[in-house]
>>> print(open('entry14.cif').read())   # mmCIF, C-alpha atoms and all ligand atoms
data_data
loop_
_atom_site.label_atom_id
_atom_site.label_comp_id
_atom_site.auth_asym_id
_atom_site.auth_seq_id
_atom_site.Cartn_x
_atom_site.Cartn_y
_atom_site.Cartn_z
CA MET T 1 -4.92 31.72 -1.58
CA ILE T 2 -6.45 28.79 -3.43
CA ARG T 3 -4.32 27.30 -6.15
CA VAL T 4 -4.53 24.25 -8.37
CA HIS T 5 -1.14 22.79 -9.31
CA LEU T 6 -1.30 21.17 -12.70
CA ARG T 7 1.30 19.57 -14.85
CA GLN T 8 0.29 21.40 -17.97
CA LYS T 9 1.88 19.04 -20.40
CA ARG T 10 -0.37 16.22 -19.32
CA MET T 11 -3.47 18.08 -18.22
CA SER T 12 -5.77 20.00 -20.47
CA MET T 13 -7.00 22.92 -18.35
CA ASN T 14 -10.43 23.18 -19.86
CA SER T 15 -11.47 19.56 -20.02
CA ASP T 16 -11.81 18.19 -16.51
CA PRO T 17 -15.25 18.67 -14.96
CA VAL T 18 -14.06 17.90 -11.42
CA LYS T 19 -11.19 20.34 -11.54
CA ASP T 20 -13.29 23.01 -13.15
CA SER T 21 -15.98 22.87 -10.48
CA LEU T 22 -13.76 22.72 -7.38
CA PRO T 23 -11.19 24.99 -5.79
CA LEU T 24 -8.67 22.17 -5.45
CA ARG T 25 -5.23 22.77 -3.99
CA GLY T 26 -3.69 19.42 -4.86
CA GLU T 27 -2.45 18.10 -8.19
CA LEU T 28 -4.76 16.47 -10.67
CA LEU T 29 -2.89 14.61 -13.37
CA ARG T 30 -4.27 12.98 -16.46
CA ASP T 31 -3.03 9.77 -18.11
CA GLU T 32 -0.41 9.38 -15.41
CA PRO T 33 1.73 6.22 -15.76
CA LEU T 34 1.31 4.20 -12.57
CA ALA T 35 4.63 2.41 -13.04
CA ARG T 36 6.09 5.57 -11.44
CA TYR T 37 4.22 4.83 -8.23
CA THR T 38 4.48 1.06 -7.80
CA SER T 39 7.40 -0.77 -6.25
CA TRP T 40 7.41 -3.36 -9.09
CA ARG T 41 7.81 -0.39 -11.47
CA VAL T 42 5.03 -1.71 -13.70
CA GLY T 43 1.50 -0.57 -14.53
CA GLY T 44 -0.17 1.44 -17.29
CA PRO T 45 -1.70 4.90 -16.93
CA ALA T 46 -4.48 6.06 -14.66
CA ARG T 47 -7.09 8.15 -16.42
CA ARG T 48 -6.62 10.66 -13.59
CA LEU T 49 -4.51 10.80 -10.48
CA PHE T 50 -5.34 13.17 -7.64
CA TRP T 51 -2.67 14.04 -5.09
CA PRO T 52 -4.52 16.10 -2.49
CA ALA T 53 -2.92 18.97 -0.61
CA ASP T 54 -4.39 17.68 2.66
CA ALA T 55 -7.41 15.85 4.08
CA ALA T 56 -9.79 18.81 3.58
CA ASP T 57 -8.74 19.07 -0.06
CA LEU T 58 -9.34 15.33 -0.48
CA ALA T 59 -12.81 15.60 1.07
CA ALA T 60 -13.68 18.49 -1.29
CA PHE T 61 -12.47 16.48 -4.27
CA LEU T 62 -14.52 13.43 -3.26
CA ARG T 63 -17.64 15.53 -2.71
CA GLY T 64 -17.43 16.75 -6.30
CA LEU T 65 -16.73 13.36 -7.82
CA ASP T 66 -19.18 11.47 -10.04
CA PRO T 67 -20.49 8.63 -7.80
CA ALA T 68 -19.91 6.19 -10.68
CA GLU T 69 -16.20 7.07 -11.09
CA PRO T 70 -13.98 4.05 -10.30
CA LEU T 71 -11.54 4.93 -7.48
CA LEU T 72 -8.23 3.37 -6.53
CA TRP T 73 -6.40 4.34 -3.35
CA LEU T 74 -2.64 4.38 -3.64
CA GLY T 75 -0.11 4.55 -0.83
CA LEU T 76 3.46 3.67 -1.78
CA GLY T 77 2.34 1.03 -4.28
CA SER T 78 4.38 -1.62 -2.48
CA ASN T 79 1.63 -4.21 -2.58
CA LEU T 80 -0.17 -3.26 -5.73
CA LEU T 81 -0.14 -4.81 -9.18
CA VAL T 82 -1.59 -2.55 -11.85
CA GLY T 83 -2.04 -4.12 -15.29
CA ASP T 84 -0.37 -2.77 -18.42
CA GLU T 85 -3.76 -1.43 -19.51
CA GLY T 86 -3.72 0.90 -16.49
CA PHE T 87 -6.71 2.08 -14.51
CA ALA T 88 -9.82 3.59 -16.12
CA GLY T 89 -10.75 5.79 -13.21
CA THR T 90 -9.23 8.09 -10.60
CA VAL T 91 -6.32 7.20 -8.36
CA ILE T 92 -6.09 8.93 -4.97
CA ARG T 93 -2.47 9.22 -3.91
CA THR T 94 -1.85 9.80 -0.21
CA GLN T 95 1.91 9.50 0.20
CA GLY T 96 3.66 12.62 1.42
CA ARG T 97 0.48 14.71 1.57
CA LEU T 98 -1.68 13.15 4.30
CA ASN T 99 1.52 13.42 6.22
CA ALA T 100 0.77 14.65 9.76
CA LEU T 101 2.49 12.75 12.57
CA GLU T 102 2.32 13.69 16.24
CA HIS T 103 2.48 12.45 19.81
CA ALA T 104 -1.09 11.89 21.04
CA GLY T 105 -1.70 11.63 24.76
CA GLN T 106 0.92 9.85 26.86
CA ARG T 107 1.31 6.64 24.91
CA GLY T 108 -0.22 7.39 21.54
CA VAL T 109 0.92 8.47 18.11
CA ARG T 110 -1.46 9.99 15.58
CA ALA T 111 -0.47 9.48 11.97
CA GLU T 112 -2.21 10.35 8.74
CA ALA T 113 -2.60 7.71 6.04
CA GLY T 114 0.21 8.99 3.82
CA VAL T 115 2.90 8.78 6.51
CA SER T 116 5.41 6.04 5.67
CA CYS T 117 5.55 3.09 8.03
CA ALA T 118 9.29 3.66 8.49
CA ARG T 119 8.75 7.25 9.61
CA ALA T 120 5.98 6.27 12.04
CA ALA T 121 8.15 3.51 13.53
CA ARG T 122 11.15 5.78 14.10
CA PHE T 123 9.02 8.62 15.41
CA ALA T 124 7.44 6.32 18.03
CA ALA T 125 10.81 4.82 18.98
CA ARG T 126 12.39 8.27 19.46
CA LEU T 127 9.54 9.19 21.79
CA GLY T 128 10.41 6.13 23.86
CA LEU T 129 7.21 4.37 22.82
CA ALA T 130 7.42 0.68 21.98
CA GLY T 131 5.35 -1.68 19.85
CA VAL T 132 5.62 -0.62 16.21
CA GLU T 133 9.33 -1.21 15.55
CA PHE T 134 8.24 -3.96 13.11
CA LEU T 135 6.74 -1.27 10.83
CA ALA T 136 10.20 0.14 10.08
CA GLY T 137 10.98 -2.33 7.31
CA ILE T 138 7.58 -2.30 5.63
CA PRO T 139 8.01 -0.02 2.61
CA GLY T 140 4.45 1.32 2.51
CA THR T 141 2.25 4.00 4.04
CA LEU T 142 0.23 3.71 7.20
CA GLY T 143 -2.94 3.73 5.04
CA GLY T 144 -1.67 0.73 3.10
CA ALA T 145 -0.65 -1.00 6.35
CA LEU T 146 -4.17 -0.48 7.73
CA ALA T 147 -5.75 -1.82 4.52
CA MET T 148 -3.50 -4.90 4.51
CA ASN T 149 -3.01 -5.42 8.25
CA ALA T 150 0.67 -5.39 7.38
CA GLY T 151 2.89 -7.22 9.79
CA ALA T 152 6.33 -8.63 10.38
CA TYR T 153 8.37 -10.38 13.06
CA GLY T 154 5.33 -11.10 15.19
CA GLY T 155 3.76 -7.63 15.02
CA GLU T 156 0.62 -6.66 13.12
CA THR T 157 -0.69 -3.17 12.36
CA TRP T 158 -4.14 -3.67 13.85
CA GLY T 159 -2.63 -4.98 17.07
CA ARG T 160 -1.64 -1.34 17.74
CA ILE T 161 -4.66 0.63 16.58
CA ALA T 162 -6.76 2.59 19.10
CA ARG T 163 -8.97 4.31 16.54
CA VAL T 164 -9.02 5.39 12.91
CA LEU T 165 -10.61 8.10 10.85
CA THR T 166 -12.17 6.97 7.60
CA ILE T 167 -13.51 8.89 4.63
CA ASP T 168 -16.11 7.65 2.20
CA ARG T 169 -16.42 8.49 -1.44
CA ARG T 170 -18.76 11.38 -0.71
CA GLY T 171 -16.07 12.92 1.50
CA VAL T 172 -17.78 12.08 4.81
CA VAL T 173 -15.29 11.51 7.64
CA ARG T 174 -16.02 9.10 10.50
CA GLU T 175 -14.20 7.94 13.61
CA ARG T 176 -14.06 4.15 13.83
CA ARG T 177 -12.81 1.67 16.42
CA PRO T 178 -11.07 -1.65 15.76
CA ALA T 179 -14.33 -3.42 16.65
CA ASP T 180 -15.85 -1.93 13.47
CA PHE T 181 -13.44 -4.03 11.36
CA HIS T 182 -12.94 -7.74 10.71
CA VAL T 183 -9.20 -8.15 10.81
CA GLY T 184 -7.18 -11.25 9.93
CA TYR T 185 -3.88 -12.28 8.41
CA ARG T 186 -3.21 -9.65 5.70
CA ARG T 187 -6.95 -9.10 5.45
CA VAL T 188 -9.17 -6.27 6.69
CA GLN T 189 -12.84 -5.79 6.07
CA GLY T 190 -14.56 -2.64 7.23
CA PRO T 191 -17.62 -0.56 6.55
CA PRO T 192 -18.17 -0.62 2.76
CA GLY T 193 -16.77 2.30 0.79
CA GLU T 194 -14.71 3.75 3.66
CA ARG T 195 -10.98 4.30 3.28
CA PHE T 196 -8.35 5.32 5.83
CA LEU T 197 -7.49 8.94 6.56
CA GLU T 198 -5.53 8.54 9.80
CA ALA T 199 -4.96 6.30 12.79
CA GLU T 200 -4.01 6.58 16.40
CA LEU T 201 -1.50 4.00 17.52
CA ALA T 202 -1.66 2.72 21.11
CA LEU T 203 1.88 2.03 22.34
CA GLU T 204 3.76 1.00 25.44
CA PRO T 205 6.36 2.86 27.45
CA GLY T 206 9.81 1.87 26.27
CA ASP T 207 13.29 3.15 25.82
CA ALA T 208 14.29 5.21 22.79
CA THR T 209 17.78 3.75 22.47
CA ALA T 210 16.49 0.19 22.75
CA GLY T 211 13.67 0.90 20.26
CA LEU T 212 16.04 2.32 17.66
CA ALA T 213 18.43 -0.61 18.20
CA ARG T 214 15.57 -3.05 17.66
CA ILE T 215 14.67 -1.26 14.42
CA ARG T 216 18.27 -1.56 13.21
CA ASP T 217 18.27 -5.26 14.09
CA LEU T 218 15.00 -5.96 12.24
CA LEU T 219 16.23 -4.08 9.15
CA ALA T 220 19.44 -6.10 9.15
CA ARG T 221 17.46 -9.35 9.33
CA ARG T 222 15.40 -8.20 6.35
CA GLU T 223 18.48 -7.22 4.37
CA SER T 224 19.98 -10.69 4.80
CA ALA T 225 16.79 -12.57 3.86
CA GLN T 226 15.16 -10.47 1.12
CA PRO T 227 16.21 -9.12 -2.31
CA ILE T 228 15.83 -5.55 -1.06
CA GLY T 229 17.66 -3.80 -3.94
CA LEU T 230 15.39 -5.10 -6.74
CA PRO T 231 11.87 -3.90 -7.59
CA SER T 232 9.35 -6.23 -5.97
CA CYS T 233 6.13 -6.25 -4.00
CA GLY T 234 7.46 -8.20 -1.05
CA SER T 235 5.79 -11.56 -0.49
CA VAL T 236 3.57 -12.37 -3.45
CA PHE T 237 1.52 -15.12 -1.77
CA ARG T 238 -0.05 -15.47 1.65
CA ASN T 239 1.39 -18.24 3.76
CA PRO T 240 -1.07 -21.15 3.75
CA PRO T 241 -2.17 -22.41 7.18
CA GLY T 242 0.70 -24.22 8.90
CA ASP T 243 3.17 -23.71 6.07
CA TYR T 244 5.19 -21.10 4.18
CA ALA T 245 4.59 -20.09 0.58
CA ALA T 246 8.35 -19.64 0.10
CA ARG T 247 9.02 -23.23 1.25
CA LEU T 248 6.42 -24.63 -1.16
CA ILE T 249 7.75 -22.57 -4.09
CA GLU T 250 11.33 -23.62 -3.39
CA ALA T 251 10.31 -27.27 -2.95
CA ALA T 252 8.62 -27.13 -6.37
CA GLY T 253 12.01 -26.13 -7.84
CA LEU T 254 10.86 -22.68 -8.94
CA LYS T 255 13.58 -20.41 -7.55
CA GLY T 256 15.05 -18.44 -10.44
CA LEU T 257 12.14 -19.23 -12.80
CA ARG T 258 11.81 -16.37 -15.26
CA ILE T 259 9.18 -15.00 -17.64
CA GLY T 260 10.46 -11.98 -19.54
CA ASP T 261 12.20 -9.85 -16.93
CA ALA T 262 10.05 -11.14 -14.04
CA GLN T 263 11.89 -13.70 -11.93
CA VAL T 264 11.23 -15.78 -8.83
CA SER T 265 13.91 -14.44 -6.50
CA GLU T 266 16.90 -16.67 -5.82
CA LYS T 267 17.16 -15.10 -2.36
CA HIS T 268 13.54 -15.44 -1.19
CA ALA T 269 11.23 -17.71 -3.20
CA ASN T 270 8.05 -15.82 -2.27
CA PHE T 271 9.39 -12.66 -3.94
CA ILE T 272 9.05 -11.99 -7.66
CA VAL T 273 11.59 -9.40 -8.76
CA ASN T 274 11.70 -7.17 -11.81
CA ILE T 275 15.24 -7.70 -13.05
CA GLY T 276 15.04 -5.14 -15.83
CA ALA T 277 12.11 -4.23 -18.02
CA ALA T 278 9.37 -6.61 -16.86
CA ASP T 279 5.83 -5.48 -17.56
CA ALA T 280 2.74 -6.38 -15.58
CA GLY T 281 1.92 -9.14 -18.08
CA ASP T 282 5.25 -10.89 -17.34
CA ILE T 283 4.55 -10.73 -13.60
CA ILE T 284 0.96 -11.96 -13.93
CA ARG T 285 2.06 -14.90 -16.11
CA LEU T 286 4.78 -15.79 -13.62
CA VAL T 287 2.38 -15.60 -10.65
CA GLU T 288 -0.03 -17.95 -12.44
CA ARG T 289 2.78 -20.32 -13.44
CA VAL T 290 4.03 -20.50 -9.84
CA ARG T 291 0.51 -21.16 -8.59
CA SER T 292 -0.08 -24.02 -11.00
CA GLU T 293 3.37 -25.60 -10.48
CA VAL T 294 3.06 -25.44 -6.68
CA GLU T 295 -0.43 -26.92 -6.85
CA ARG T 296 0.86 -29.75 -9.05
CA ALA T 297 3.80 -30.43 -6.74
CA SER T 298 2.11 -30.10 -3.35
CA GLY T 299 -1.66 -29.90 -3.84
CA VAL T 300 -1.71 -26.42 -2.25
CA ARG T 301 -3.35 -23.61 -4.24
CA LEU T 302 -1.51 -20.47 -3.18
CA VAL T 303 -3.51 -17.26 -2.69
CA PRO T 304 -1.85 -13.99 -3.72
CA GLU T 305 -1.28 -11.42 -0.99
CA VAL T 306 -0.49 -8.74 -3.55
CA CYS T 307 -3.54 -6.64 -4.50
CA ARG T 308 -4.20 -6.78 -8.22
CA VAL T 309 -6.33 -4.03 -9.69
CA GLY T 310 -9.37 -5.88 -10.96
CA GLY T 311 -8.64 -8.85 -8.68
CA TRP T 312 -6.98 -12.26 -9.11
CA GLU T 313 -8.73 -15.33 -10.46
CA SER T 314 -9.32 -17.72 -7.58
C1 LIG D 401 10.54 -5.26 -0.15
C2 LIG D 401 9.15 -5.37 0.44
C3 LIG D 401 8.99 -5.93 1.69
C4 LIG D 401 7.71 -6.04 2.25
N1 LIG D 401 7.58 -6.58 3.50
C5 LIG D 401 6.36 -6.68 4.05
C6 LIG D 401 6.20 -7.23 5.37
O1 LIG D 401 7.15 -7.58 6.04
N2 LIG D 401 4.96 -7.33 5.87
C7 LIG D 401 3.86 -6.92 5.16
O2 LIG D 401 2.74 -7.04 5.69
N3 LIG D 401 3.99 -6.40 3.91
C8 LIG D 401 5.19 -6.27 3.35
N4 LIG D 401 5.32 -5.75 2.09
C9 LIG D 401 4.11 -5.36 1.34
C10 LIG D 401 3.68 -3.90 1.51
O3 LIG D 401 4.77 -3.08 1.85
C11 LIG D 401 2.58 -3.76 2.56
O4 LIG D 401 1.42 -4.49 2.20
C12 LIG D 401 2.19 -2.29 2.78
O5 LIG D 401 1.32 -2.22 3.88
C13 LIG D 401 1.49 -1.67 1.57
O6 LIG D 401 1.39 -0.27 1.79
P1 LIG D 401 1.33 0.76 0.58
O7 LIG D 401 1.16 2.11 1.13
O8 LIG D 401 2.47 0.56 -0.32
O9 LIG D 401 -0.03 0.28 -0.10
P2 LIG D 401 -0.34 0.16 -1.65
O10 LIG D 401 0.50 -0.91 -2.25
O11 LIG D 401 -0.30 1.49 -2.29
O12 LIG D 401 -1.84 -0.37 -1.57
C14 LIG D 401 -2.12 -1.67 -1.05
C15 LIG D 401 -3.64 -1.78 -0.82
O13 LIG D 401 -4.05 -0.86 0.17
C16 LIG D 401 -5.04 0.02 -0.35
N5 LIG D 401 -4.84 1.33 0.28
C17 LIG D 401 -3.74 2.12 0.22
N6 LIG D 401 -3.92 3.22 0.96
C18 LIG D 401 -5.16 3.14 1.49
C19 LIG D 401 -5.94 3.97 2.36
N7 LIG D 401 -5.48 5.13 2.82
N8 LIG D 401 -7.18 3.53 2.72
C20 LIG D 401 -7.66 2.35 2.26
N9 LIG D 401 -6.98 1.54 1.44
C21 LIG D 401 -5.74 1.92 1.06
C22 LIG D 401 -4.80 0.04 -1.86
O14 LIG D 401 -5.95 0.44 -2.59
C23 LIG D 401 -4.44 -1.41 -2.09
O15 LIG D 401 -5.60 -2.21 -2.12
C24 LIG D 401 6.57 -5.60 1.53
C25 LIG D 401 6.75 -5.03 0.25
C26 LIG D 401 8.03 -4.91 -0.28
C27 LIG D 401 8.19 -4.26 -1.63
#
>>> encode(input="entry14.cif", output="structure tokens")
Amino acid sequence: MIRVHLRQKRMSMNSDPVKDSLPLRGELLRDEPLARYTSWRVGGPARRLFWPADAADLAAFLRGLDPAEPLLWLGLGSNLLVGDEGFAGTVIRTQGRLNALEHAGQRGVRAEAGVSCARAARFAARLGLAGVEFLAGIPGTLGGALAMNAGAYGGETWGRIARVLTIDRRGVVRERRPADFHVGYRRVQGPPGERFLEAELALEPGDATAGLARIRDLLARRESAQPIGLPSCGSVFRNPPGDYAARLIEAAGLKGLRIGDAQVSEKHANFIVNIGAADAGDIIRLVERVRSEVERASGVRLVPEVCRVGGWES
């Protein structure tokens, strides 16, 4: 049976051309506050947010979409800064729905884009497959990790990718290989307009007990070095070549600097934490202040790692 789940209080049933023309099975929400979906807990509303039932539902939705509609892909929002004005387009939310995860071949794991990195890491470790333990502490989805080439403790997402499936905005699905992408430090460039649907991880034989112990060890290291309990987006700036953004921020005397309820973390200077009711404006002003103070103190112009909807000024 085909059903469309709608939150009636926010969605007018007779006013959405996409919903009316398609037998969608996912949820289509209107004027949905994005602060609910971002780890900084800030961001205004999206005109529409689609949470597909599965990949086929997503493809059907994309096929029916106006080609001019602005689209924003959302995983767990752990590296995303949405402004207080929100997003005048459609957000595609993957988390928890593109959620298939399975053993593939002898040393592979196939995971859809909405699978959390933590789940993928533990799943692989329990199978006795080694190589993605580092993903366990990255609080995003596999789709977000592919888009960012997320990494930690010497591991990087694309170092473990055998192949991916992408989908374009017309709903066309393609299989791609790593060679189809330019991959660097927290930077991935692929065929224009294609986004990630799933990936196959290529792993090494290991030992389940040792893999799970390594995950526990990496999580403990994170806990001691990062302000894990407070809303943040992880490291705000990329490390400049040969140096660390956190070192430069600390050396400029900016630890603890506060604008509204946005604060440079006392525990890790490259984190900006929301200590109460910060809005996106507070965070943006603090990011810009840190950039200019660090540049004045050291001559280095830091580049944000966090994705800002609409982009950062260079
Ligand atoms: C406490 C904390 C610690 C962190 N530690 C690390 C770390 O150690 N290493 C690290 O690399 N990062 C770290 N991060 C940042 C963040 O978790 C990663 O960048 C993560 O990969 C983002 O995944 P996400 O699903 O949350 O993506 P989102 O924040 O939702 O999106 C990030 C970008 O990816 C795009 N995107 C999302 N899904 C898809 C898709 N399916 N296809 C194409 N594009 C997509 C979005 O449009 C956006 O441009 C940390 C963040 C926090 C809050």
>>> closest_atom_pairs(input="entry14.cif", of="range 69-172 of chain T", to="range 188-198 of chain T", cutoff="12 Å", atoms="all atoms listed in the file", output="JSON lines")
{"residue": "T:Pro70", "atom": "CA", "partner": "T:Gly193", "partner_atom": "CA", "distance": 11.6}
{"residue": "T:Leu71", "atom": "CA", "partner": "T:Gly193", "partner_atom": "CA", "distance": 10.1}
{"residue": "T:Leu72", "atom": "CA", "partner": "T:Arg195", "partner_atom": "CA", "distance": 10.2}
{"residue": "T:Trp73", "atom": "CA", "partner": "T:Arg195", "partner_atom": "CA", "distance": 8.1}
{"residue": "T:Leu74", "atom": "CA", "partner": "T:Arg195", "partner_atom": "CA", "distance": 10.8}
{"residue": "T:Gly75", "atom": "CA", "partner": "T:Phe196", "partner_atom": "CA", "distance": 10.6}
{"residue": "T:Ile92", "atom": "CA", "partner": "T:Arg195", "partner_atom": "CA", "distance": 10.6}
{"residue": "T:Arg93", "atom": "CA", "partner": "T:Leu197", "partner_atom": "CA", "distance": 11.6}
{"residue": "T:Thr94", "atom": "CA", "partner": "T:Leu197", "partner_atom": "CA", "distance": 8.9}
{"residue": "T:Gln95", "atom": "CA", "partner": "T:Leu197", "partner_atom": "CA", "distance": 11.4}
{"residue": "T:Arg97", "atom": "CA", "partner": "T:Leu197", "partner_atom": "CA", "distance": 11.0}
{"residue": "T:Leu98", "atom": "CA", "partner": "T:Leu197", "partner_atom": "CA", "distance": 7.5}
{"residue": "T:Asn99", "atom": "CA", "partner": "T:Glu198", "partner_atom": "CA", "distance": 9.3}
{"residue": "T:Ala100", "atom": "CA", "partner": "T:Glu198", "partner_atom": "CA", "distance": 8.8}
{"residue": "T:Leu101", "atom": "CA", "partner": "T:Glu198", "partner_atom": "CA", "distance": 9.5}
{"residue": "T:Glu102", "atom": "CA", "partner": "T:Glu198", "partner_atom": "CA", "distance": 11.4}
{"residue": "T:Val109", "atom": "CA", "partner": "T:Glu198", "partner_atom": "CA", "distance": 10.5}
{"residue": "T:Arg110", "atom": "CA", "partner": "T:Glu198", "partner_atom": "CA", "distance": 7.2}
{"residue": "T:Ala111", "atom": "CA", "partner": "T:Glu198", "partner_atom": "CA", "distance": 5.6}
{"residue": "T:Glu112", "atom": "CA", "partner": "T:Glu198", "partner_atom": "CA", "distance": 3.9}
{"residue": "T:Ala113", "atom": "CA", "partner": "T:Glu198", "partner_atom": "CA", "distance": 4.8}
{"residue": "T:Gly114", "atom": "CA", "partner": "T:Leu197", "partner_atom": "CA", "distance": 8.2}
{"residue": "T:Val115", "atom": "CA", "partner": "T:Glu198", "partner_atom": "CA", "distance": 9.1}
{"residue": "T:Ser116", "atom": "CA", "partner": "T:Glu198", "partner_atom": "CA", "distance": 12.0}
{"residue": "T:Ala120", "atom": "CA", "partner": "T:Glu198", "partner_atom": "CA", "distance": 11.9}
{"residue": "T:Thr141", "atom": "CA", "partner": "T:Glu198", "partner_atom": "CA", "distance": 10.7}
{"residue": "T:Leu142", "atom": "CA", "partner": "T:Glu198", "partner_atom": "CA", "distance": 8.0}
{"residue": "T:Gly143", "atom": "CA", "partner": "T:Phe196", "partner_atom": "CA", "distance": 5.7}
{"residue": "T:Gly144", "atom": "CA", "partner": "T:Phe196", "partner_atom": "CA", "distance": 8.6}
{"residue": "T:Ala145", "atom": "CA", "partner": "T:Phe196", "partner_atom": "CA", "distance": 10.0}
{"residue": "T:Leu146", "atom": "CA", "partner": "T:Phe196", "partner_atom": "CA", "distance": 7.4}
{"residue": "T:Ala147", "atom": "CA", "partner": "T:Val188", "partner_atom": "CA", "distance": 6.0}
{"residue": "T:Met148", "atom": "CA", "partner": "T:Val188", "partner_atom": "CA", "distance": 6.2}
{"residue": "T:Asn149", "atom": "CA", "partner": "T:Val188", "partner_atom": "CA", "distance": 6.4}
{"residue": "T:Ala150", "atom": "CA", "partner": "T:Val188", "partner_atom": "CA", "distance": 9.9}
{"residue": "T:Glu156", "atom": "CA", "partner": "T:Val188", "partner_atom": "CA", "distance": 11.7}
{"residue": "T:Thr157", "atom": "CA", "partner": "T:Val188", "partner_atom": "CA", "distance": 10.7}
{"residue": "T:Trp158", "atom": "CA", "partner": "T:Val188", "partner_atom": "CA", "distance": 9.1}
{"residue": "T:Ile161", "atom": "CA", "partner": "T:Glu198", "partner_atom": "CA", "distance": 10.5}
{"residue": "T:Ala162", "atom": "CA", "partner": "T:Glu198", "partner_atom": "CA", "distance": 11.1}
{"residue": "T:Arg163", "atom": "CA", "partner": "T:Glu198", "partner_atom": "CA", "distance": 8.7}
{"residue": "T:Val164", "atom": "CA", "partner": "T:Glu198", "partner_atom": "CA", "distance": 5.6}
{"residue": "T:Leu165", "atom": "CA", "partner": "T:Glu198", "partner_atom": "CA", "distance": 5.2}
{"residue": "T:Thr166", "atom": "CA", "partner": "T:Phe196", "partner_atom": "CA", "distance": 4.5}
{"residue": "T:Ile167", "atom": "CA", "partner": "T:Glu194", "partner_atom": "CA", "distance": 5.4}
{"residue": "T:Asp168", "atom": "CA", "partner": "T:Glu194", "partner_atom": "CA", "distance": 4.4}
{"residue": "T:Arg169", "atom": "CA", "partner": "T:Gly193", "partner_atom": "CA", "distance": 6.6}
{"residue": "T:Arg170", "atom": "CA", "partner": "T:Gly193", "partner_atom": "CA", "distance": 9.4}
{"residue": "T:Gly171", "atom": "CA", "partner": "T:Glu194", "partner_atom": "CA", "distance": 9.5}
{"residue": "T:Val172", "atom": "CA", "partner": "T:Glu194", "partner_atom": "CA", "distance": 9.0}
>>> closest_residue(input="entry14.cif", among="T:Asp243, T:Glu133, T:Glu293, T:Asp207", to="ligand LIG 401 (chain D)", atoms="only C-alpha atoms and all ligand atoms")
T:Glu133
>>> residues_around(input="entry14.cif", residues="Leu203 in chain T", least_positions_apart="4", cutoff="7 Å", atoms="only C-alpha atoms", output="ChimeraX atom specification")
/T:107-108,129-131,160
>>> closest_residue(input="entry14.cif", among="T:Val132, T:Val91, T:Ala118, T:Val294", to="Gly211 in chain T", atoms="only C-alpha atoms")
T:Val132
>>> residues_around(input="entry14.cif", residues="range 34-51 of chain T", least_positions_apart="5", cutoff="9 Å", atoms="only C-alpha atoms", output="JSON, numbers by chain")
{"T": [26, 27, 28, 29, 58, 61, 74, 75, 76, 77, 78, 79, 80, 81, 82, 83, 84, 85, 86, 87, 88, 89, 90, 91, 92, 93, 94, 95, 97, 139, 230, 231, 232, 233, 272, 273, 274, 277, 278, 279, 280]}
>>> write_last_selection(input="entry14.cif", atoms="C-alpha atoms", output="mmCIF file, in the frame of the given file")
data_model
loop_
_atom_site.group_PDB
_atom_site.id
_atom_site.type_symbol
_atom_site.label_atom_id
_atom_site.label_comp_id
_atom_site.auth_asym_id
_atom_site.auth_seq_id
_atom_site.Cartn_x
_atom_site.Cartn_y
_atom_site.Cartn_z
ATOM 1 C CA GLY T 26 -3.690 19.420 -4.860
ATOM 2 C CA GLU T 27 -2.450 18.100 -8.190
ATOM 3 C CA LEU T 28 -4.760 16.470 -10.670
ATOM 4 C CA LEU T 29 -2.890 14.610 -13.370
ATOM 5 C CA LEU T 58 -9.340 15.330 -0.480
ATOM 6 C CA PHE T 61 -12.470 16.480 -4.270
ATOM 7 C CA LEU T 74 -2.640 4.380 -3.640
ATOM 8 C CA GLY T 75 -0.110 4.550 -0.830
ATOM 9 C CA LEU T 76 3.460 3.670 -1.780
ATOM 10 C CA GLY T 77 2.340 1.030 -4.280
ATOM 11 C CA SER T 78 4.380 -1.620 -2.480
ATOM 12 C CA ASN T 79 1.630 -4.210 -2.580
ATOM 13 C CA LEU T 80 -0.170 -3.260 -5.730
ATOM 14 C CA LEU T 81 -0.140 -4.810 -9.180
ATOM 15 C CA VAL T 82 -1.590 -2.550 -11.850
ATOM 16 C CA GLY T 83 -2.040 -4.120 -15.290
ATOM 17 C CA ASP T 84 -0.370 -2.770 -18.420
ATOM 18 C CA GLU T 85 -3.760 -1.430 -19.510
ATOM 19 C CA GLY T 86 -3.720 0.900 -16.490
ATOM 20 C CA PHE T 87 -6.710 2.080 -14.510
ATOM 21 C CA ALA T 88 -9.820 3.590 -16.120
ATOM 22 C CA GLY T 89 -10.750 5.790 -13.210
ATOM 23 C CA THR T 90 -9.230 8.090 -10.600
ATOM 24 C CA VAL T 91 -6.320 7.200 -8.360
ATOM 25 C CA ILE T 92 -6.090 8.930 -4.970
ATOM 26 C CA ARG T 93 -2.470 9.220 -3.910
ATOM 27 C CA THR T 94 -1.850 9.800 -0.210
ATOM 28 C CA GLN T 95 1.910 9.500 0.200
ATOM 29 C CA ARG T 97 0.480 14.710 1.570
ATOM 30 C CA PRO T 139 8.010 -0.020 2.610
ATOM 31 C CA LEU T 230 15.390 -5.100 -6.740
ATOM 32 C CA PRO T 231 11.870 -3.900 -7.590
ATOM 33 C CA SER T 232 9.350 -6.230 -5.970
ATOM 34 C CA CYS T 233 6.130 -6.250 -4.000
ATOM 35 C CA ILE T 272 9.050 -11.990 -7.660
ATOM 36 C CA VAL T 273 11.590 -9.400 -8.760
ATOM 37 C CA ASN T 274 11.700 -7.170 -11.810
ATOM 38 C CA ALA T 277 12.110 -4.230 -18.020
ATOM 39 C CA ALA T 278 9.370 -6.610 -16.860
ATOM 40 C CA ASP T 279 5.830 -5.480 -17.560
ATOM 41 C CA ALA T 280 2.740 -6.380 -15.580
#
